[in-house]
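First the structure, in the form of structure tokens, and then the observations on it.
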Amino acid sequence: MSATSPLRPVLPPDIRARKGGTPLVVLTAYSTPVARLVDPHCDVVLVGDSVGMVIHGLPSTLGVTMEMMILHGRAVVRGAARAMPVIDMPFGSYEESPVQAFRNASRLMAETGAPAVKLEGGLHMHDTIAFLTARGVPVMAHVGLTPQAVNTLGGYKVVGRDEEAAKVMADAGAVEAAGAFSVVLEKVPEGLAGRITEKLAIPTIGIGAGVHCDGQVLVVDDMLGLFTEFRPKFVKRYAELGRTADEAIATYAADVRARAFPAPEHAFPDAAPARK
Ligand code: KIV
């Protein structure tokens, strides 16, 4: 996308305006073909840093780099004609200071053509989100379970039960006050997610946060049954593409070993066919 390209059809204010309306539909994508599949059905296509685990086989999202996000971000922006792409800021690219966050967020936007970024963190990210939004970087925030903090949280646990609830509520309030146009609530108890959704004027997008949120997001490879290494309770499998692919590959291997593939229709005859 260049400075002379037309504006994208869906922009952050359109997503913000969907508060309390028909639920927002969000899926991740990391490639052009998957973005093309997701695009007609979704409001937002998230280039999540889950790409590190799902596509690159990393043990967590901590090893994801700016270069990975830019490469996958460009591919997704190419495939998403309508749905709004949002690019995750990788671990280490924004926590140091608002200036560092702006340098990397503006790079993600300029080099991919995406109109928004997402970053993890609540109250402690208030000043950074305010700095970014005041300078033309729309921010989707992410509170509750923040996977980049897995080592300090002690695992991928539900966040916000009992006395933790007030902290998650304060985090959500802080990112709204800082100017975020929406907020992901990950692995937050359903009742708390409902209370946050009622309180905030920006849309909440839940993942493992129950039905009361203003929208839902899933990792596309999880819901298609392509990423099967582990399966959180909040994932509903809408297809078993991993199993289908395994069966297809096994059949191909058997065909090759039995010389049943390629068949004559997949081969080229020595003499060119006569022209009519
Ligand atoms: O990285 C990601 O895919 C995410 C979603 C799960 C919200 O942050």
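By order of appearance in the structure tokens: chains A, B, ..., then residues from 1 within every chain, and ligands from 1 in the order shown.
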Residues of chain A at most 7 Å from ligand 1: nearest atom pair and distance in Å, only C-alpha atoms and all ligand atoms, as a tab-separated table:
residue	atom	partner	partner_atom_place_in_ligand_line	distance
A:Thr28	CA	ligand 1	3 (O)	5.8
A:Leu46	CA	ligand 1	3 (O)	6.8
A:Val47	CA	ligand 1	3 (O)	6.8
A:Gly48	CA	ligand 1	1 (O)	3.3
A:Asp49	CA	ligand 1	1 (O)	4.0
A:Ser50	CA	ligand 1	1 (O)	3.8
A:Val51	CA	ligand 1	1 (O)	6.8
A:Asp88	CA	ligand 1	1 (O)	6.7
A:Val184	CA	ligand 1	7 (C)	6.4
A:Glu186	CA	ligand 1	7 (C)	6.9
A:Ile207	CA	ligand 1	7 (C)	6.5
A:Val217	CA	ligand 1	7 (C)	6.2
A:Leu218	CA	ligand 1	6 (C)	6.0
A:Val219	CA	ligand 1	3 (O)	5.5
query: Contacts of range 163-177 of chain A at 7 Å or less, counting only C-alpha atoms, minus same-chain residues fewer than 4 places along, as a PyMOL selection string?
result: chain A and resi 122-123+126+141+143-144+159+192+196+200+202
Using all heavy atoms, can you write the selected residues to a file as a PDB file, in the first residue's frame?
ATOM      1  N   GLY A 122      -2.334  -3.512  30.537  1.00  0.00           N
ATOM      2  CA  GLY A 122      -3.393  -2.606  30.976  1.00  0.00           C
ATOM      3  C   GLY A 122      -2.856  -1.302  31.512  1.00  0.00           C
ATOM      4  O   GLY A 122      -2.239  -0.521  30.790  1.00  0.00           O
ATOM      5  N   LEU A 123      -3.053  -1.130  32.826  1.00  0.00           N
ATOM      6  CA  LEU A 123      -2.671   0.116  33.502  1.00  0.00           C
ATOM      7  C   LEU A 123      -1.241   0.555  33.166  1.00  0.00           C
ATOM      8  O   LEU A 123      -0.991   1.723  32.852  1.00  0.00           O
ATOM      9  CB  LEU A 123      -2.797  -0.142  35.012  1.00  0.00           C
ATOM     10  CG  LEU A 123      -3.063   1.028  35.938  1.00  0.00           C
ATOM     11  CD1 LEU A 123      -4.180   1.915  35.419  1.00  0.00           C
ATOM     12  CD2 LEU A 123      -3.425   0.496  37.340  1.00  0.00           C
ATOM     13  N   HIS A 126      -0.832   2.401  29.924  1.00  0.00           N
ATOM     14  CA  HIS A 126      -1.682   3.579  29.689  1.00  0.00           C
ATOM     15  C   HIS A 126      -0.939   4.675  28.940  1.00  0.00           C
ATOM     16  O   HIS A 126      -1.401   5.176  27.904  1.00  0.00           O
ATOM     17  CB  HIS A 126      -2.235   4.111  31.026  1.00  0.00           C
ATOM     18  CG  HIS A 126      -2.956   5.413  30.873  1.00  0.00           C
ATOM     19  ND1 HIS A 126      -2.302   6.633  30.792  1.00  0.00           N
ATOM     20  CD2 HIS A 126      -4.267   5.687  30.743  1.00  0.00           C
ATOM     21  CE1 HIS A 126      -3.178   7.605  30.619  1.00  0.00           C
ATOM     22  NE2 HIS A 126      -4.391   7.052  30.596  1.00  0.00           N
ATOM     23  N   ALA A 141      -6.165  -2.876  22.473  1.00  0.00           N
ATOM     24  CA  ALA A 141      -5.447  -3.315  23.671  1.00  0.00           C
ATOM     25  C   ALA A 141      -5.770  -4.786  23.946  1.00  0.00           C
ATOM     26  O   ALA A 141      -6.622  -5.387  23.277  1.00  0.00           O
ATOM     27  CB  ALA A 141      -5.831  -2.432  24.852  1.00  0.00           C
ATOM     28  N   VAL A 143      -5.990  -7.348  27.484  1.00  0.00           N
ATOM     29  CA  VAL A 143      -5.821  -7.523  28.933  1.00  0.00           C
ATOM     30  C   VAL A 143      -6.365  -8.891  29.362  1.00  0.00           C
ATOM     31  O   VAL A 143      -6.926  -9.626  28.566  1.00  0.00           O
ATOM     32  CB  VAL A 143      -6.506  -6.369  29.741  1.00  0.00           C
ATOM     33  CG1 VAL A 143      -5.999  -5.008  29.293  1.00  0.00           C
ATOM     34  CG2 VAL A 143      -8.025  -6.436  29.643  1.00  0.00           C
ATOM     35  N   GLY A 144      -6.214  -9.194  30.655  1.00  0.00           N
ATOM     36  CA  GLY A 144      -6.565 -10.524  31.160  1.00  0.00           C
ATOM     37  C   GLY A 144      -5.321 -11.382  31.018  1.00  0.00           C
ATOM     38  O   GLY A 144      -4.224 -10.979  31.441  1.00  0.00           O
ATOM     39  N   VAL A 159      -7.385 -15.372  34.238  1.00  0.00           N
ATOM     40  CA  VAL A 159      -6.955 -14.184  34.980  1.00  0.00           C
ATOM     41  C   VAL A 159      -8.199 -13.367  35.339  1.00  0.00           C
ATOM     42  O   VAL A 159      -8.985 -13.009  34.452  1.00  0.00           O
ATOM     43  CB  VAL A 159      -5.978 -13.325  34.132  1.00  0.00           C
ATOM     44  CG1 VAL A 159      -5.605 -12.044  34.861  1.00  0.00           C
ATOM     45  CG2 VAL A 159      -4.713 -14.117  33.804  1.00  0.00           C
ATOM     46  N   LEU A 192     -17.170 -11.428  34.893  1.00  0.00           N
ATOM     47  CA  LEU A 192     -16.307 -10.239  34.908  1.00  0.00           C
ATOM     48  C   LEU A 192     -16.245  -9.616  33.508  1.00  0.00           C
ATOM     49  O   LEU A 192     -16.342  -8.385  33.356  1.00  0.00           O
ATOM     50  CB  LEU A 192     -14.900 -10.623  35.392  1.00  0.00           C
ATOM     51  CG  LEU A 192     -13.852  -9.506  35.323  1.00  0.00           C
ATOM     52  CD1 LEU A 192     -14.240  -8.319  36.206  1.00  0.00           C
ATOM     53  CD2 LEU A 192     -12.469 -10.029  35.718  1.00  0.00           C
ATOM     54  N   ILE A 196     -17.190  -5.794  32.546  1.00  0.00           N
ATOM     55  CA  ILE A 196     -16.271  -4.888  31.828  1.00  0.00           C
ATOM     56  C   ILE A 196     -16.955  -4.380  30.557  1.00  0.00           C
ATOM     57  O   ILE A 196     -16.909  -3.189  30.233  1.00  0.00           O
ATOM     58  CB  ILE A 196     -14.941  -5.616  31.495  1.00  0.00           C
ATOM     59  CG1 ILE A 196     -14.168  -5.937  32.776  1.00  0.00           C
ATOM     60  CG2 ILE A 196     -14.085  -4.779  30.546  1.00  0.00           C
ATOM     61  CD1 ILE A 196     -12.941  -6.818  32.584  1.00  0.00           C
ATOM     62  N   LEU A 200     -17.435  -0.372  29.768  1.00  0.00           N
ATOM     63  CA  LEU A 200     -16.620   0.340  28.778  1.00  0.00           C
ATOM     64  C   LEU A 200     -17.464   0.875  27.629  1.00  0.00           C
ATOM     65  O   LEU A 200     -18.457   0.265  27.231  1.00  0.00           O
ATOM     66  CB  LEU A 200     -15.541  -0.580  28.193  1.00  0.00           C
ATOM     67  CG  LEU A 200     -14.471  -1.139  29.116  1.00  0.00           C
ATOM     68  CD1 LEU A 200     -13.343  -1.757  28.292  1.00  0.00           C
ATOM     69  CD2 LEU A 200     -13.904  -0.100  30.059  1.00  0.00           C
ATOM     70  N   ILE A 202     -15.903   1.265  24.702  1.00  0.00           N
ATOM     71  CA  ILE A 202     -15.266   0.664  23.514  1.00  0.00           C
ATOM     72  C   ILE A 202     -15.610  -0.824  23.482  1.00  0.00           C
ATOM     73  O   ILE A 202     -15.881  -1.431  24.518  1.00  0.00           O
ATOM     74  CB  ILE A 202     -13.725   0.864  23.516  1.00  0.00           C
ATOM     75  CG1 ILE A 202     -13.077   0.268  24.787  1.00  0.00           C
ATOM     76  CG2 ILE A 202     -13.358   2.338  23.353  1.00  0.00           C
ATOM     77  CD1 ILE A 202     -11.550   0.242  24.757  1.00  0.00           C
TER      78      ILE A 202
END
query: So, counting only C-alpha atoms, which residue among A:Asp214, A:Glu67, A:Glu111, A:Glu190 is closest to Gly20 in chain A?
result: A:Asp214
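Minimum atom-to-atom distance to Arg82 in chain A, evaluated using only C-alpha atoms, belongs to A:Pro9 out of A:Pro9, A:Thr65, A:Leu145, A:Gly57.
Going from CA of Arg78 in chain A to CA of Ser106 in chain A covers 18.5 Å.
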Distance criterion (only C-alpha atoms): nearest to Gly210 in chain A out of A:Gly194, A:Gly179, A:Gly52, A:Pro115: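 Residue with the minimum atom-to-atom distance to Gly210 in chain A: A:Gly194.
The interatomic distance for the pair CA of Pro262 in chain A and CA of Arg275 in chain A works out to 24.8 Å.
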- prompt: In range 38-252 of chain A, what's strand (DSSP E or B) per DSSP? Answer as a PyMOL selection string?
  reply: chain A and resi 44-47+84-88+117-121+139-144+182-186+204-207+215-218
For those residues, write N, CA and C atoms to a file as a tab-separated table (two decimals), in the first residue's frame.
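Saved result, again_6.tsv, follows:
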chain	number	residue	atom	x	y	z
A	44	VAL	N	-12.63	-7.98	11.49
A	44	VAL	CA	-11.21	-7.70	11.73
A	44	VAL	C	-10.44	-8.99	11.48
A	45	VAL	N	-9.29	-8.86	10.83
A	45	VAL	CA	-8.39	-10.01	10.69
A	45	VAL	C	-7.11	-9.66	11.45
A	46	LEU	N	-6.83	-10.48	12.46
A	46	LEU	CA	-5.73	-10.20	13.37
A	46	LEU	C	-4.49	-10.99	12.97
A	47	VAL	N	-3.41	-10.27	12.70
A	47	VAL	CA	-2.13	-10.94	12.49
A	47	VAL	C	-1.52	-11.06	13.88
A	84	MET	N	-10.73	-5.44	8.46
A	84	MET	CA	-9.64	-4.54	8.87
A	84	MET	C	-8.47	-5.34	9.48
A	85	PRO	N	-7.28	-5.25	8.89
A	85	PRO	CA	-6.13	-5.95	9.49
A	85	PRO	C	-5.59	-5.20	10.71
A	86	VAL	N	-5.25	-5.96	11.73
A	86	VAL	CA	-4.59	-5.42	12.93
A	86	VAL	C	-3.34	-6.26	13.15
A	87	ILE	N	-2.21	-5.60	13.40
A	87	ILE	CA	-0.94	-6.35	13.55
A	87	ILE	C	-0.52	-6.32	15.03
A	88	ASP	N	-0.20	-7.49	15.56
A	88	ASP	CA	0.31	-7.58	16.94
A	88	ASP	C	1.71	-6.99	17.03
A	117	VAL	N	-2.59	-1.42	15.30
A	117	VAL	CA	-1.76	-2.42	15.96
A	117	VAL	C	-2.47	-2.89	17.23
A	118	LYS	N	-2.01	-4.03	17.75
A	118	LYS	CA	-2.49	-4.52	19.05
A	118	LYS	C	-1.28	-4.69	19.95
A	119	LEU	N	-1.47	-4.35	21.22
A	119	LEU	CA	-0.39	-4.61	22.20
A	119	LEU	C	-1.01	-5.09	23.51
A	120	GLU	N	-0.20	-5.82	24.27
A	120	GLU	CA	-0.67	-6.42	25.52
A	120	GLU	C	-0.37	-5.52	26.71
A	121	GLY	N	-1.29	-5.51	27.68
A	121	GLY	CA	-1.03	-4.78	28.93
A	121	GLY	C	-2.13	-3.77	29.22
A	139	VAL	N	-4.89	1.83	18.46
A	139	VAL	CA	-4.44	0.69	19.27
A	139	VAL	C	-5.63	-0.17	19.72
A	140	MET	N	-5.52	-1.47	19.45
A	140	MET	CA	-6.38	-2.47	20.07
A	140	MET	C	-5.58	-2.96	21.28
A	141	ALA	N	-6.17	-2.88	22.47
A	141	ALA	CA	-5.45	-3.32	23.67
A	141	ALA	C	-5.77	-4.79	23.95
A	142	HIS	N	-5.10	-5.37	24.92
A	142	HIS	CA	-5.25	-6.81	25.22
A	142	HIS	C	-4.97	-6.99	26.71
A	143	VAL	N	-5.99	-7.35	27.48
A	143	VAL	CA	-5.82	-7.52	28.93
A	143	VAL	C	-6.36	-8.89	29.36
A	144	GLY	N	-6.21	-9.19	30.65
A	144	GLY	CA	-6.57	-10.52	31.16
A	144	GLY	C	-5.32	-11.38	31.02
A	182	SER	N	-10.54	-0.53	20.96
A	182	SER	CA	-11.19	-1.79	21.37
A	182	SER	C	-10.21	-2.52	22.27
A	183	VAL	N	-10.70	-3.56	22.95
A	183	VAL	CA	-9.82	-4.29	23.86
A	183	VAL	C	-10.15	-5.79	23.81
A	184	VAL	N	-9.11	-6.59	23.66
A	184	VAL	CA	-9.25	-8.04	23.75
A	184	VAL	C	-9.24	-8.43	25.22
A	185	LEU	N	-10.20	-9.27	25.62
A	185	LEU	CA	-10.23	-9.85	26.98
A	185	LEU	C	-9.93	-11.33	26.81
A	186	GLU	N	-8.75	-11.76	27.27
A	186	GLU	CA	-8.38	-13.17	27.09
A	186	GLU	C	-8.47	-13.93	28.41
A	204	THR	N	-15.44	-4.75	23.55
A	204	THR	CA	-14.59	-5.81	24.11
A	204	THR	C	-14.65	-7.00	23.15
A	205	ILE	N	-13.50	-7.60	22.92
A	205	ILE	CA	-13.44	-8.76	22.01
A	205	ILE	C	-12.90	-9.92	22.83
A	206	GLY	N	-13.73	-10.92	23.02
A	206	GLY	CA	-13.38	-11.99	23.95
A	206	GLY	C	-12.71	-13.17	23.27
A	207	ILE	N	-11.81	-13.79	24.04
A	207	ILE	CA	-11.26	-15.12	23.67
A	207	ILE	C	-11.19	-15.87	24.99
A	215	GLY	N	-17.61	-8.85	20.87
A	215	GLY	CA	-17.12	-9.60	19.73
A	215	GLY	C	-16.33	-10.79	20.21
A	216	GLN	N	-15.93	-11.64	19.28
A	216	GLN	CA	-15.16	-12.84	19.62
A	216	GLN	C	-13.99	-12.98	18.66
A	217	VAL	N	-12.88	-13.50	19.16
A	217	VAL	CA	-11.72	-13.80	18.32
A	217	VAL	C	-11.25	-15.22	18.62
A	218	LEU	N	-10.84	-15.93	17.59
A	218	LEU	CA	-10.17	-17.22	17.75
A	218	LEU	C	-8.96	-17.27	16.81
task: Please provide the set of residues having any atom within 12 Å of Ile55 in chain A, restricted to only C-alpha atoms, with same-chain residues fewer than 5 positions apart removed, written as a VMD selection string.
output: chain A and resid 28 to 31 47 to 50 60 to 61 64 68 to 69 72 219 to 222 226 to 227 229
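Near Val77 in chain A, within 8 Å and counting only C-alpha atoms, sit Thr32, Ala35, Gly73, Arg74, Ala80, Ala81, Pro85, Thr112, Gly113 and Ala114 of chain A; same-chain residues fewer than 3 positions away were not included.
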Assign secondary structure with DSSP using the backbone only, and return the residues of range 15-178 of chain A in helix (DSSP H, G or I) as a compact mmCIF listing (two decimals) with N, CA and C atoms, in the first residue's frame.
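Below you can see part-v3.txt, which holds the result:
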# COMPACT_ATOMS: atom_id res chain seq x y z
N ILE A 15 -14.94 0.22 13.81
CA ILE A 15 -14.97 -0.90 14.78
C ILE A 15 -15.44 -0.37 16.13
N ARG A 16 -14.93 0.79 16.52
CA ARG A 16 -15.34 1.39 17.82
C ARG A 16 -16.84 1.64 17.83
N THR A 32 -1.65 -14.84 2.85
CA THR A 32 -2.62 -14.28 1.90
C THR A 32 -3.79 -15.24 1.65
N PRO A 33 -3.56 -16.53 1.38
CA PRO A 33 -4.73 -17.38 1.11
C PRO A 33 -5.69 -17.48 2.28
N VAL A 34 -5.18 -17.55 3.50
CA VAL A 34 -6.09 -17.63 4.66
C VAL A 34 -6.79 -16.29 4.87
N ALA A 35 -6.09 -15.18 4.65
CA ALA A 35 -6.75 -13.87 4.76
C ALA A 35 -7.89 -13.78 3.75
N ARG A 36 -7.70 -14.34 2.55
CA ARG A 36 -8.78 -14.31 1.54
C ARG A 36 -9.98 -15.13 1.99
N LEU A 37 -9.73 -16.24 2.70
CA LEU A 37 -10.84 -17.07 3.19
C LEU A 37 -11.61 -16.36 4.30
N VAL A 38 -10.86 -15.68 5.17
CA VAL A 38 -11.43 -15.05 6.36
C VAL A 38 -12.17 -13.75 5.99
N VAL A 51 1.34 -16.37 15.56
CA VAL A 51 2.06 -16.87 14.37
C VAL A 51 3.34 -17.61 14.77
N GLY A 52 3.97 -17.18 15.84
CA GLY A 52 5.23 -17.79 16.27
C GLY A 52 5.04 -19.26 16.63
N MET A 53 3.94 -19.53 17.36
CA MET A 53 3.68 -20.91 17.80
C MET A 53 3.00 -21.72 16.69
N VAL A 54 2.05 -21.09 16.00
CA VAL A 54 1.20 -21.81 15.05
C VAL A 54 1.95 -22.12 13.75
N THR A 61 5.10 -17.12 22.45
CA THR A 61 5.14 -15.98 21.52
C THR A 61 6.38 -15.10 21.76
N LEU A 62 7.19 -15.45 22.74
CA LEU A 62 8.28 -14.54 23.12
C LEU A 62 9.37 -14.39 22.05
N GLY A 63 9.52 -15.36 21.19
CA GLY A 63 10.57 -15.30 20.17
C GLY A 63 10.16 -14.62 18.88
N MET A 66 9.92 -8.39 14.95
CA MET A 66 9.30 -7.37 14.09
C MET A 66 9.30 -7.86 12.63
N GLU A 67 10.38 -8.47 12.21
CA GLU A 67 10.50 -8.92 10.82
C GLU A 67 9.42 -9.96 10.50
N MET A 68 9.15 -10.88 11.46
CA MET A 68 8.10 -11.87 11.24
C MET A 68 6.75 -11.19 11.11
N MET A 69 6.48 -10.22 11.99
CA MET A 69 5.17 -9.55 11.96
C MET A 69 5.00 -8.75 10.67
N ILE A 70 6.08 -8.15 10.19
CA ILE A 70 5.98 -7.36 8.95
C ILE A 70 5.73 -8.29 7.76
N LEU A 71 6.47 -9.39 7.70
CA LEU A 71 6.31 -10.33 6.58
C LEU A 71 4.90 -10.91 6.54
N HIS A 72 4.42 -11.41 7.68
CA HIS A 72 3.07 -11.99 7.72
C HIS A 72 2.01 -10.89 7.59
N GLY A 73 2.28 -9.72 8.16
CA GLY A 73 1.33 -8.60 8.04
C GLY A 73 1.12 -8.20 6.60
N ARG A 74 2.20 -8.10 5.84
CA ARG A 74 2.07 -7.74 4.41
C ARG A 74 1.24 -8.77 3.66
N ALA A 75 1.50 -10.04 3.95
CA ALA A 75 0.77 -11.11 3.26
C ALA A 75 -0.72 -11.02 3.56
N VAL A 76 -1.06 -10.72 4.81
CA VAL A 76 -2.48 -10.66 5.20
C VAL A 76 -3.14 -9.42 4.60
N VAL A 77 -2.46 -8.29 4.63
CA VAL A 77 -3.04 -7.06 4.07
C VAL A 77 -3.34 -7.28 2.58
N ARG A 78 -2.48 -8.01 1.88
CA ARG A 78 -2.71 -8.32 0.46
C ARG A 78 -3.99 -9.13 0.27
N GLY A 79 -4.31 -10.00 1.24
CA GLY A 79 -5.45 -10.90 1.07
C GLY A 79 -6.75 -10.37 1.65
N PRO A 98 7.29 4.78 25.46
CA PRO A 98 6.36 5.19 24.42
C PRO A 98 7.07 5.50 23.09
N VAL A 99 8.27 6.03 23.16
CA VAL A 99 9.01 6.37 21.93
C VAL A 99 9.37 5.10 21.17
N GLN A 100 9.85 4.09 21.90
CA GLN A 100 10.16 2.81 21.26
C GLN A 100 8.89 2.22 20.63
N ALA A 101 7.77 2.30 21.38
CA ALA A 101 6.51 1.76 20.87
C ALA A 101 6.09 2.49 19.59
N PHE A 102 6.23 3.82 19.57
CA PHE A 102 5.84 4.57 18.37
C PHE A 102 6.73 4.19 17.18
N ARG A 103 8.03 4.07 17.44
CA ARG A 103 8.96 3.75 16.34
C ARG A 103 8.54 2.41 15.70
N ASN A 104 8.23 1.42 16.53
CA ASN A 104 7.90 0.10 15.97
C ASN A 104 6.47 0.01 15.45
N ALA A 105 5.53 0.67 16.12
CA ALA A 105 4.14 0.64 15.64
C ALA A 105 4.04 1.35 14.29
N SER A 106 4.72 2.48 14.16
CA SER A 106 4.64 3.21 12.88
C SER A 106 5.30 2.39 11.78
N ARG A 107 6.34 1.65 12.13
CA ARG A 107 6.99 0.79 11.14
C ARG A 107 6.03 -0.34 10.70
N LEU A 108 5.34 -0.94 11.68
CA LEU A 108 4.39 -2.01 11.35
C LEU A 108 3.31 -1.48 10.41
N MET A 109 2.80 -0.27 10.69
CA MET A 109 1.74 0.30 9.85
C MET A 109 2.28 0.68 8.47
N ALA A 110 3.42 1.36 8.45
CA ALA A 110 3.96 1.85 7.17
C ALA A 110 4.40 0.70 6.27
N GLU A 111 4.96 -0.34 6.86
CA GLU A 111 5.54 -1.42 6.03
C GLU A 111 4.54 -2.52 5.68
N THR A 112 3.38 -2.53 6.36
CA THR A 112 2.37 -3.54 6.02
C THR A 112 1.12 -2.95 5.37
N LEU A 123 -3.05 -1.13 32.83
CA LEU A 123 -2.67 0.12 33.50
C LEU A 123 -1.24 0.56 33.17
N HIS A 124 -0.30 -0.38 33.19
CA HIS A 124 1.11 -0.01 32.97
C HIS A 124 1.37 0.39 31.52
N MET A 125 0.42 0.14 30.62
CA MET A 125 0.60 0.54 29.21
C MET A 125 -0.20 1.81 28.90
N HIS A 126 -0.83 2.40 29.92
CA HIS A 126 -1.68 3.58 29.69
C HIS A 126 -0.94 4.67 28.94
N ASP A 127 0.23 5.05 29.42
CA ASP A 127 0.95 6.19 28.83
C ASP A 127 1.41 5.87 27.40
N THR A 128 1.78 4.62 27.19
CA THR A 128 2.21 4.21 25.84
C THR A 128 1.05 4.28 24.86
N ILE A 129 -0.11 3.75 25.28
CA ILE A 129 -1.28 3.77 24.38
C ILE A 129 -1.69 5.21 24.09
N ALA A 130 -1.66 6.07 25.13
CA ALA A 130 -2.02 7.49 24.93
C ALA A 130 -1.04 8.16 23.96
N PHE A 131 0.25 7.84 24.10
CA PHE A 131 1.29 8.41 23.22
C PHE A 131 1.03 7.98 21.78
N LEU A 132 0.72 6.71 21.58
CA LEU A 132 0.49 6.20 20.22
C LEU A 132 -0.77 6.79 19.61
N THR A 133 -1.86 6.77 20.36
CA THR A 133 -3.13 7.22 19.76
C THR A 133 -3.08 8.72 19.45
N PRO A 147 -0.37 -13.42 26.85
CA PRO A 147 0.57 -14.53 26.68
C PRO A 147 2.04 -14.12 26.69
N GLN A 148 2.34 -12.87 26.32
CA GLN A 148 3.75 -12.44 26.36
C GLN A 148 4.27 -12.39 27.81
N ALA A 149 3.35 -12.35 28.78
CA ALA A 149 3.74 -12.31 30.20
C ALA A 149 3.60 -13.69 30.85
N VAL A 150 3.62 -14.76 30.02
CA VAL A 150 3.37 -16.11 30.56
C VAL A 150 4.31 -16.45 31.71
N ASN A 151 5.54 -15.96 31.65
CA ASN A 151 6.50 -16.32 32.70
C ASN A 151 6.21 -15.62 34.01
N THR A 152 5.71 -14.38 33.95
CA THR A 152 5.36 -13.71 35.21
C THR A 152 4.00 -14.18 35.72
N LEU A 153 3.10 -14.54 34.79
CA LEU A 153 1.77 -15.03 35.22
C LEU A 153 1.86 -16.47 35.74
N GLU A 164 -8.39 -10.74 41.96
CA GLU A 164 -7.76 -10.30 40.69
C GLU A 164 -8.75 -9.53 39.80
N ALA A 165 -10.05 -9.70 40.07
CA ALA A 165 -11.08 -9.10 39.20
C ALA A 165 -10.94 -7.59 39.14
N ALA A 166 -10.67 -6.97 40.28
CA ALA A 166 -10.58 -5.50 40.32
C ALA A 166 -9.42 -5.02 39.47
N LYS A 167 -8.33 -5.79 39.44
CA LYS A 167 -7.16 -5.39 38.63
C LYS A 167 -7.50 -5.45 37.13
N VAL A 168 -8.19 -6.52 36.72
CA VAL A 168 -8.53 -6.64 35.30
C VAL A 168 -9.50 -5.53 34.90
N MET A 169 -10.45 -5.23 35.79
CA MET A 169 -11.39 -4.11 35.54
C MET A 169 -10.61 -2.80 35.40
N ALA A 170 -9.64 -2.58 36.28
CA ALA A 170 -8.84 -1.34 36.23
C ALA A 170 -8.01 -1.30 34.95
N ASP A 171 -7.46 -2.44 34.54
CA ASP A 171 -6.68 -2.50 33.30
C ASP A 171 -7.55 -2.11 32.10
N ALA A 172 -8.76 -2.67 32.06
CA ALA A 172 -9.65 -2.38 30.93
C ALA A 172 -10.03 -0.89 30.91
N GLY A 173 -10.31 -0.35 32.09
CA GLY A 173 -10.65 1.08 32.19
C GLY A 173 -9.47 1.95 31.74
N ALA A 174 -8.26 1.54 32.10
CA ALA A 174 -7.07 2.34 31.77
C ALA A 174 -6.81 2.37 30.27
N VAL A 175 -6.99 1.24 29.59
CA VAL A 175 -6.70 1.25 28.15
C VAL A 175 -7.77 2.04 27.40
N GLU A 176 -9.01 1.99 27.92
CA GLU A 176 -10.05 2.83 27.30
C GLU A 176 -9.70 4.31 27.50
N ALA A 177 -9.35 4.69 28.73
CA ALA A 177 -9.02 6.09 29.02
C ALA A 177 -7.84 6.57 28.19
N ALA A 178 -6.93 5.65 27.86
CA ALA A 178 -5.74 6.02 27.07
C ALA A 178 -6.06 6.20 25.59
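As for CA of Arg8 in chain A and CA of Ala83 in chain A, they are spaced 8.7 Å apart.
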